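**Q** Quick one, target_8.txt (compact mmCIF, C-alpha atoms):
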```
# COMPACT_ATOMS: atom_id res chain seq x y z
CA MET A 22 7.59 -4.48 55.73
CA ALA A 23 6.32 -6.86 53.04
CA HIS A 24 5.04 -10.28 54.09
CA VAL A 25 5.12 -13.30 51.77
CA GLN A 26 4.91 -17.03 52.28
CA GLY A 27 6.54 -19.87 50.38
CA ASP A 28 9.90 -20.30 48.74
CA LEU A 29 12.06 -17.31 47.90
CA VAL A 30 14.85 -17.03 45.34
CA VAL A 31 17.51 -14.34 45.55
CA GLY A 32 19.42 -12.85 42.63
CA VAL A 33 22.81 -11.24 43.26
CA ASP A 34 24.44 -9.01 40.65
CA LEU A 35 28.05 -8.62 41.71
CA GLY A 36 29.80 -5.60 40.22
CA GLY A 37 33.13 -3.92 40.80
CA THR A 38 31.52 -1.09 42.78
CA LYS A 39 28.06 -2.34 43.81
CA ILE A 40 26.29 -5.52 44.89
CA ALA A 41 22.63 -5.50 43.85
CA VAL A 42 20.19 -8.02 45.32
CA ALA A 43 16.59 -8.84 44.41
CA VAL A 44 14.25 -11.34 46.07
CA ALA A 45 11.41 -13.03 44.17
CA ASP A 46 8.89 -15.75 44.83
CA THR A 47 9.00 -18.84 42.64
CA GLU A 48 6.52 -17.23 40.22
CA GLY A 49 9.09 -14.55 39.46
CA ARG A 50 7.32 -11.75 41.33
CA ILE A 51 9.91 -9.43 42.87
CA GLN A 52 9.35 -8.81 46.57
CA ALA A 53 12.34 -6.68 47.56
CA ARG A 54 15.51 -5.05 46.21
CA GLN A 55 18.58 -3.70 47.99
CA SER A 56 22.17 -2.81 47.18
CA ALA A 57 25.44 -2.19 48.97
CA PRO A 58 28.98 -1.14 48.01
CA THR A 59 31.34 -3.90 46.89
CA PRO A 60 34.44 -4.10 49.12
CA ALA A 61 36.40 -5.03 45.99
CA ALA A 62 39.82 -4.03 47.29
CA ALA A 63 39.48 -6.29 50.37
CA GLY A 64 39.56 -9.57 48.44
CA PRO A 65 37.16 -12.47 47.79
CA GLU A 66 36.39 -13.35 51.42
CA ALA A 67 35.26 -9.81 52.23
CA VAL A 68 33.11 -9.64 49.09
CA VAL A 69 31.47 -13.00 49.88
CA ALA A 70 30.80 -11.86 53.46
CA ALA A 71 29.18 -8.68 52.12
CA ILE A 72 26.95 -10.72 49.79
CA VAL A 73 25.87 -13.02 52.63
CA ALA A 74 25.07 -10.08 54.91
CA LEU A 75 23.06 -8.28 52.21
CA VAL A 76 21.11 -11.43 51.28
CA GLN A 77 20.30 -12.21 54.90
CA ARG A 78 19.25 -8.63 55.62
CA THR A 79 16.99 -8.47 52.55
CA VAL A 80 15.34 -11.84 53.14
CA ALA A 81 14.84 -11.10 56.85
CA GLY A 82 12.61 -8.20 55.89
CA LEU A 83 10.23 -10.67 54.22
CA ALA A 84 10.32 -13.41 56.82
CA LEU A 85 7.17 -15.14 58.08
CA ALA A 86 6.44 -18.62 59.27
CA GLY A 87 6.38 -20.77 56.16
CA THR A 88 8.82 -18.59 54.23
CA ARG A 89 12.22 -19.97 53.33
CA LEU A 90 15.12 -19.13 51.08
CA ALA A 91 15.24 -21.85 48.42
CA ALA A 92 18.05 -20.83 46.04
CA LEU A 93 20.51 -18.13 45.07
CA GLY A 94 21.53 -17.02 41.58
CA VAL A 95 24.71 -14.98 41.20
CA GLY A 96 26.03 -13.02 38.21
CA VAL A 97 29.76 -12.29 38.35
CA PRO A 98 31.97 -10.13 36.09
CA GLY A 99 34.26 -12.82 34.70
CA PRO A 100 34.44 -16.28 33.13
CA VAL A 101 32.62 -18.97 35.09
CA GLU A 102 32.68 -22.75 35.20
CA THR A 103 28.99 -23.18 35.96
CA GLY A 104 29.17 -26.87 36.90
CA ARG A 105 31.40 -26.09 39.87
CA GLY A 106 30.25 -22.52 40.46
CA LEU A 107 33.86 -21.43 40.02
CA VAL A 108 34.90 -17.94 38.90
CA TRP A 109 38.15 -18.20 36.96
CA THR A 110 38.99 -14.51 37.19
CA ALA A 111 37.21 -11.20 37.78
CA PRO A 112 39.45 -8.36 36.54
CA ASN A 113 37.60 -5.64 38.50
CA LEU A 114 37.79 -7.53 41.80
CA ARG A 115 41.14 -7.81 43.56
CA GLY A 116 42.43 -11.34 44.11
CA TRP A 117 39.65 -13.13 42.23
CA ILE A 118 41.48 -16.06 40.69
CA GLU A 119 39.70 -19.45 40.70
CA VAL A 120 37.26 -18.43 43.44
CA PRO A 121 34.74 -21.20 44.36
CA VAL A 122 31.81 -18.80 44.74
CA ARG A 123 29.17 -21.53 44.93
CA ASP A 124 30.84 -23.32 47.82
CA LEU A 125 31.67 -20.10 49.68
CA LEU A 126 28.02 -18.99 49.58
CA GLU A 127 26.32 -22.35 50.09
CA ARG A 128 28.05 -22.91 53.45
CA PRO A 129 26.67 -19.87 55.29
CA LEU A 130 23.32 -19.70 53.46
CA GLY A 131 22.51 -23.42 53.36
CA VAL A 132 20.77 -23.34 49.95
CA PRO A 133 21.75 -24.26 46.38
CA VAL A 134 23.76 -21.52 44.64
CA PHE A 135 23.94 -21.16 40.85
CA VAL A 136 26.68 -18.98 39.35
CA GLU A 137 26.77 -17.39 35.89
CA ASN A 138 28.79 -14.78 34.01
CA ASP A 139 27.10 -11.39 34.37
CA ALA A 140 26.73 -10.69 30.64
CA LYS A 141 25.15 -14.10 30.10
CA ALA A 142 22.81 -13.47 33.03
CA ALA A 143 21.82 -10.08 31.59
CA ALA A 144 21.21 -11.71 28.19
CA LEU A 145 18.96 -14.25 29.87
CA ALA A 146 17.04 -11.38 31.49
CA GLU A 147 16.47 -9.58 28.19
CA HIS A 148 15.50 -12.83 26.48
CA ARG A 149 13.03 -14.00 29.12
CA SER A 150 11.71 -10.71 30.51
CA GLY A 151 12.84 -7.88 28.23
CA ALA A 152 13.41 -6.92 24.61
CA GLY A 153 14.05 -10.50 23.47
CA ARG A 154 10.80 -12.08 24.67
CA GLY A 155 9.63 -14.71 22.19
CA CYS A 156 12.69 -14.72 19.91
CA GLN A 157 14.76 -17.83 19.25
CA HIS A 158 18.08 -16.39 18.03
CA MET A 159 19.43 -13.36 19.88
CA VAL A 160 22.77 -11.63 20.35
CA TYR A 161 23.16 -9.48 23.46
CA LEU A 162 25.74 -6.69 23.62
CA THR A 163 26.41 -4.57 26.68
CA VAL A 164 28.38 -1.41 25.94
CA GLY A 165 29.70 0.48 28.93
CA THR A 166 33.05 0.47 30.72
CA GLY A 167 33.74 -2.61 28.61
CA VAL A 168 31.91 -4.43 25.84
CA GLY A 169 30.39 -7.74 26.90
CA GLY A 170 28.16 -10.14 25.09
CA ALA A 171 26.19 -13.35 25.09
CA LEU A 172 24.35 -15.57 22.62
CA VAL A 173 20.90 -17.13 22.76
CA LEU A 174 20.61 -19.77 20.02
CA ASP A 175 17.54 -21.93 19.46
CA GLY A 176 16.03 -20.28 22.53
CA ARG A 177 18.84 -21.34 24.86
CA LEU A 178 21.86 -19.57 26.29
CA TYR A 179 24.91 -20.75 24.35
CA ARG A 180 28.06 -21.18 26.44
CA GLY A 181 30.45 -22.99 24.10
CA ALA A 182 32.93 -25.83 24.65
CA SER A 183 34.69 -24.16 27.60
CA GLU A 184 31.83 -21.81 28.60
CA SER A 185 33.62 -18.79 27.13
CA ALA A 186 31.30 -18.13 24.17
CA GLY A 187 29.96 -14.62 23.68
CA GLU A 188 33.11 -12.53 24.26
CA ILE A 189 32.01 -10.20 21.47
CA GLY A 190 33.93 -7.29 22.94
CA HIS A 191 37.19 -9.01 22.03
CA MET A 192 36.38 -9.47 18.34
CA ILE A 193 39.43 -8.00 16.54
CA LEU A 194 38.52 -5.19 14.17
CA GLN A 195 41.84 -3.32 13.82
CA ARG A 196 45.04 -5.35 13.74
CA ASP A 197 47.16 -2.39 14.93
CA GLY A 198 44.48 -0.72 17.05
CA PRO A 199 44.60 0.34 20.71
CA LEU A 200 44.88 -2.09 23.60
CA CYS A 201 41.94 -3.08 25.79
CA GLY A 202 42.21 -3.96 29.47
CA ALA A 203 42.81 -7.62 28.60
CA GLN A 204 45.73 -6.54 26.37
CA HIS A 205 43.96 -7.42 23.11
CA ARG A 206 44.86 -4.97 20.38
CA GLY A 207 42.19 -3.46 18.16
CA CYS A 208 39.22 -5.33 19.60
CA LEU A 209 35.68 -3.93 19.71
CA GLU A 210 36.06 -3.02 23.40
CA SER A 211 39.18 -0.98 22.69
CA LEU A 212 37.32 0.97 20.00
CA ALA A 213 33.70 1.37 21.13
CA SER A 214 33.51 1.12 24.94
CA GLY A 215 32.88 4.22 27.05
CA PRO A 216 36.57 4.69 27.96
CA ALA A 217 37.57 4.08 24.32
CA LEU A 218 35.22 6.81 23.08
CA ALA A 219 36.48 9.19 25.77
CA ARG A 220 40.08 8.42 24.78
CA ALA A 221 39.33 9.12 21.10
CA ALA A 222 37.70 12.44 21.98
CA ARG A 223 40.58 13.39 24.26
CA ALA A 224 43.11 12.77 21.46
CA ARG A 225 41.20 15.11 19.13
CA LEU A 226 40.97 17.79 21.79
CA GLU A 227 44.69 17.53 22.53
CA ALA A 228 45.29 18.04 18.81
CA GLY A 229 43.54 21.41 19.15
CA ARG A 230 40.08 20.60 17.79
CA PRO A 231 37.34 22.93 19.13
CA SER A 232 34.51 21.40 21.17
CA LEU A 233 31.98 22.06 23.91
CA LEU A 234 33.64 19.18 25.73
CA ARG A 235 36.36 21.49 27.09
CA ASP A 236 33.76 23.52 28.98
CA LEU A 237 31.92 20.43 30.24
CA VAL A 238 35.09 19.19 31.98
CA ALA A 239 36.34 22.70 32.91
CA GLY A 240 39.44 22.17 30.78
CA ASP A 241 40.51 19.00 32.64
CA LEU A 242 40.54 16.47 29.79
CA GLU A 243 41.36 13.59 32.16
CA ARG A 244 37.83 13.94 33.56
CA LEU A 245 36.25 13.32 30.16
CA THR A 246 33.80 10.37 29.99
CA ALA A 247 31.25 8.98 27.56
CA HIS A 248 28.59 10.83 29.56
CA HIS A 249 30.19 14.15 28.59
CA LEU A 250 30.23 13.01 24.96
CA HIS A 251 26.51 12.36 25.13
CA GLN A 252 25.88 15.77 26.69
CA ALA A 253 27.89 17.54 23.99
CA ALA A 254 26.36 15.51 21.17
CA GLN A 255 22.87 16.44 22.36
CA GLN A 256 23.88 20.07 21.86
CA GLY A 257 25.09 19.33 18.33
CA ASP A 258 28.82 19.43 19.07
CA PRO A 259 30.56 18.23 15.85
CA LEU A 260 33.51 16.56 17.61
CA ALA A 261 31.30 14.60 20.01
CA LEU A 262 28.96 13.56 17.18
CA ALA A 263 31.92 12.38 15.09
CA VAL A 264 33.36 10.29 17.94
CA LEU A 265 29.97 8.66 18.61
CA GLU A 266 29.58 7.99 14.88
CA ASP A 267 32.97 6.25 14.80
CA GLY A 268 32.07 4.09 17.80
CA ALA A 269 28.72 3.24 16.21
CA ALA A 270 30.48 2.25 12.99
CA TYR A 271 32.67 -0.24 14.87
CA LEU A 272 29.62 -1.68 16.64
CA GLY A 273 27.81 -1.97 13.32
CA GLN A 274 30.81 -3.69 11.75
CA ALA A 275 30.90 -6.25 14.54
CA ILE A 276 27.13 -6.82 14.36
CA ALA A 277 27.34 -7.36 10.60
CA SER A 278 29.89 -10.12 11.13
CA LEU A 279 27.73 -11.69 13.82
CA ALA A 280 24.71 -11.48 11.53
CA ASP A 281 26.55 -13.28 8.74
CA ILE A 282 27.90 -15.98 11.07
CA LEU A 283 24.91 -16.59 13.38
CA ASN A 284 21.91 -15.20 11.44
CA PRO A 285 20.10 -13.91 14.57
CA GLU A 286 16.69 -12.27 14.36
CA LEU A 287 17.56 -9.79 17.11
CA VAL A 288 20.52 -7.89 18.54
CA VAL A 289 19.82 -6.27 21.92
CA ILE A 290 22.18 -3.52 23.02
CA GLY A 291 22.36 -2.62 26.70
CA GLY A 292 24.83 -0.91 29.02
CA GLY A 293 25.59 2.69 29.88
CA VAL A 294 26.83 3.81 26.46
CA ALA A 295 23.72 2.32 24.83
CA GLN A 296 21.59 4.73 26.89
CA VAL A 297 22.69 7.41 24.41
CA GLY A 298 19.75 6.00 22.43
CA GLU A 299 19.00 6.59 18.75
CA MET A 300 21.95 8.95 18.42
CA LEU A 301 24.08 5.80 18.67
CA LEU A 302 21.67 3.10 17.48
CA ALA A 303 20.69 4.72 14.18
CA PRO A 304 24.29 4.74 12.80
CA VAL A 305 24.87 1.26 14.27
CA ARG A 306 21.91 -0.05 12.24
CA ARG A 307 23.00 1.81 9.12
CA GLU A 308 26.48 0.28 9.21
CA ALA A 309 25.31 -3.22 10.14
CA TYR A 310 22.71 -3.36 7.38
CA ARG A 311 25.19 -1.94 4.87
CA LEU A 312 27.83 -4.58 5.59
CA ALA A 313 25.82 -7.74 6.32
CA PHE A 314 24.60 -10.10 3.61
CA ALA A 315 21.08 -9.20 2.51
CA ARG A 316 19.62 -12.54 3.65
CA ALA A 317 20.95 -11.94 7.17
CA ALA A 318 20.12 -8.23 7.27
CA GLU A 319 16.52 -8.56 6.13
CA VAL A 320 15.47 -10.53 9.22
CA LEU A 321 17.66 -8.66 11.73
CA ARG A 322 16.36 -6.11 14.24
CA ILE A 323 18.74 -4.05 16.40
CA VAL A 324 17.05 -2.67 19.51
CA PRO A 325 17.93 -1.19 22.89
CA GLY A 326 17.57 -3.32 26.00
CA GLU A 327 14.40 -2.84 28.03
CA LEU A 328 15.79 -3.58 31.49
CA ASP A 329 18.60 -1.01 31.63
CA ALA A 330 20.60 -1.26 34.88
CA ALA A 331 18.26 -3.95 36.25
CA ALA A 332 19.27 -6.51 33.61
CA GLY A 333 22.04 -7.94 35.80
CA VAL A 334 19.96 -8.56 38.91
CA VAL A 335 16.93 -9.80 36.94
CA GLY A 336 19.29 -12.18 35.13
CA ALA A 337 20.72 -13.40 38.42
CA LEU A 338 17.19 -14.11 39.65
CA LEU A 339 16.54 -16.13 36.50
CA VAL A 340 19.77 -18.08 37.02
CA GLY A 341 18.51 -19.00 40.51
CA LEU A 342 14.94 -19.77 39.40
CA GLU A 343 16.02 -21.88 36.43
CA GLY A 344 18.65 -23.67 38.49
CA LEU A 345 16.01 -24.51 41.08
CA ARG A 346 13.36 -25.59 38.55
CA GLY A 347 15.57 -27.15 35.90
CA ALA A 348 13.36 -25.36 33.34
CA PRO A 349 12.99 -21.89 31.77
CA ALA A 350 11.50 -19.21 34.01
CA THR A 351 10.44 -15.58 33.79
CA VAL A 352 10.69 -12.63 36.15
CA GLN A 353 7.88 -10.12 36.09
CA TRP A 354 9.36 -6.79 35.07
CA PRO A 355 8.76 -4.05 35.95
CA PRO A 356 7.85 -5.20 39.44
CA GLY A 357 4.15 -5.03 40.29
```
Give the structure from this file in structure tokens form.

**A**
Amino acid sequence: MAHVQGDLVVGVDLGGTKIAVAVADTEGRIQARQSAPTPAAAGPEAVVAAIVALVQRTVAGLALAGTRLAALGVGVPGPVETGRGLVWTAPNLRGWIEVPVRDLLERPLGVPVFVENDAKAAALAEHRSGAGRGCQHMVYLTVGTGVGGALVLDGRLYRGASESAGEIGHMILQRDGPLCGAQHRGCLESLASGPALARAARARLEAGRPSLLRDLVAGDLERLTAHHLHQAAQQGDPLALAVLEDGAAYLGQAIASLADILNPELVVIGGGVAQVGEMLLAPVRREAYRLAFARAAEVLRIVPGELDAAAGVVGALLVGLEGLRGAPATVQWPPG
């Protein structure tokens, strides 16, 4: 059991399947990490109770005289009104409509709670403690089950007039394209997310195209995921490589538009699909640099995130630390 003294801040990354928690001291040194399944189907009250139990269990393992929980930062998968700590909706969590997360957590825990959208929290993590350290103008893209995003402009997280800025995944690229989960047609998410890539590969296979993918899923095309695409592409499978190239082209197209509009110095790409690495990033760069204005392209770097799956919980810690301090903070990553 670790023993620390002084104030502790907890970060909570709430996902559709897992709740991840990290505890840090006020210098941003991580002291403990734990996770637990999200009881998503049971509704908001059950999820909040699970968060409280996990936080209390994790902090109890660090308890000494003189140690106290000072604040909680929470990243949630949906639009947030940060002033009230209210989650407007969380599509992957049943019954999450206008849930007052801050109030529901402050009552049992007795400390200030600061709530942020999970993509914005992850962007904060990469900007303060990851690939974006030291840059002033950064776009963050997370490419996985969906495509999320966030903007750091003039060194600060940009939320917009109604705190909905950064929904890069819903940039429309094909007027008559496929639908995404939010029923937007032809948006980046519907074309370049993990499920979108799997759907594109499945359509080609159903049309009779040969591919290693059939063997990887034992002929059951409904099992096909972006992970199988990566496996097949690593073995040089032409169909898998073509599908990844198409997804990369859409990402590059979107980044070129963002470069022309915002003129960032850095685009950081995180999420599960991004872990494909240079096989995806190289064609993304090629397309983005080809389409963007030269003045925007010449200063732009496109890089993978450094924090991988930890970006969400590190971001949640930063939300708590910065809420407590009222000033920018950092979290030491990787943990010492």

**Q** Atom CA of A:Val160 and atom CA of A:Gly326 are how many Å apart?

**A**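 Here the two named atoms are 11.3 Å from each other.
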
**Q** Give as a VMD selection string each residue that has an atom at most 7 Å from (31.1, 10.8, 25.3) in the file, counting all atoms listed in the file.

**A** chain A and resid 218 to 219 246 to 251 261

**Q** What is the distance between atom CA of A:Arg225 and atom CA of A:Val264, in Å to one decimal?

**A**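 According to the coordinates, atom CA of A:Arg225 and atom CA of A:Val264 are separated by 9.3 Å.
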
**Q** Atom CA of A:Val305 to atom CA of A:Gly273: how many Å, to one decimal?

**A** 4.5 Å

**Q** Set the distance at 10 Å and use all atoms listed in the file: which residues neighbour A:Pro129 once local chain neighbours fewer than 6 positions away are removed? I'd like the list as a PyMOL selection string.

**A** chain A and resi 69-70+73-74+77

**Q** Using all atoms listed in the file, which residue out of A:Gly202, A:Pro259, A:Gly82, A:Gly293 lies closest to A:Leu226?

**A**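 Smallest distance to A:Leu226 is found for A:Pro259.
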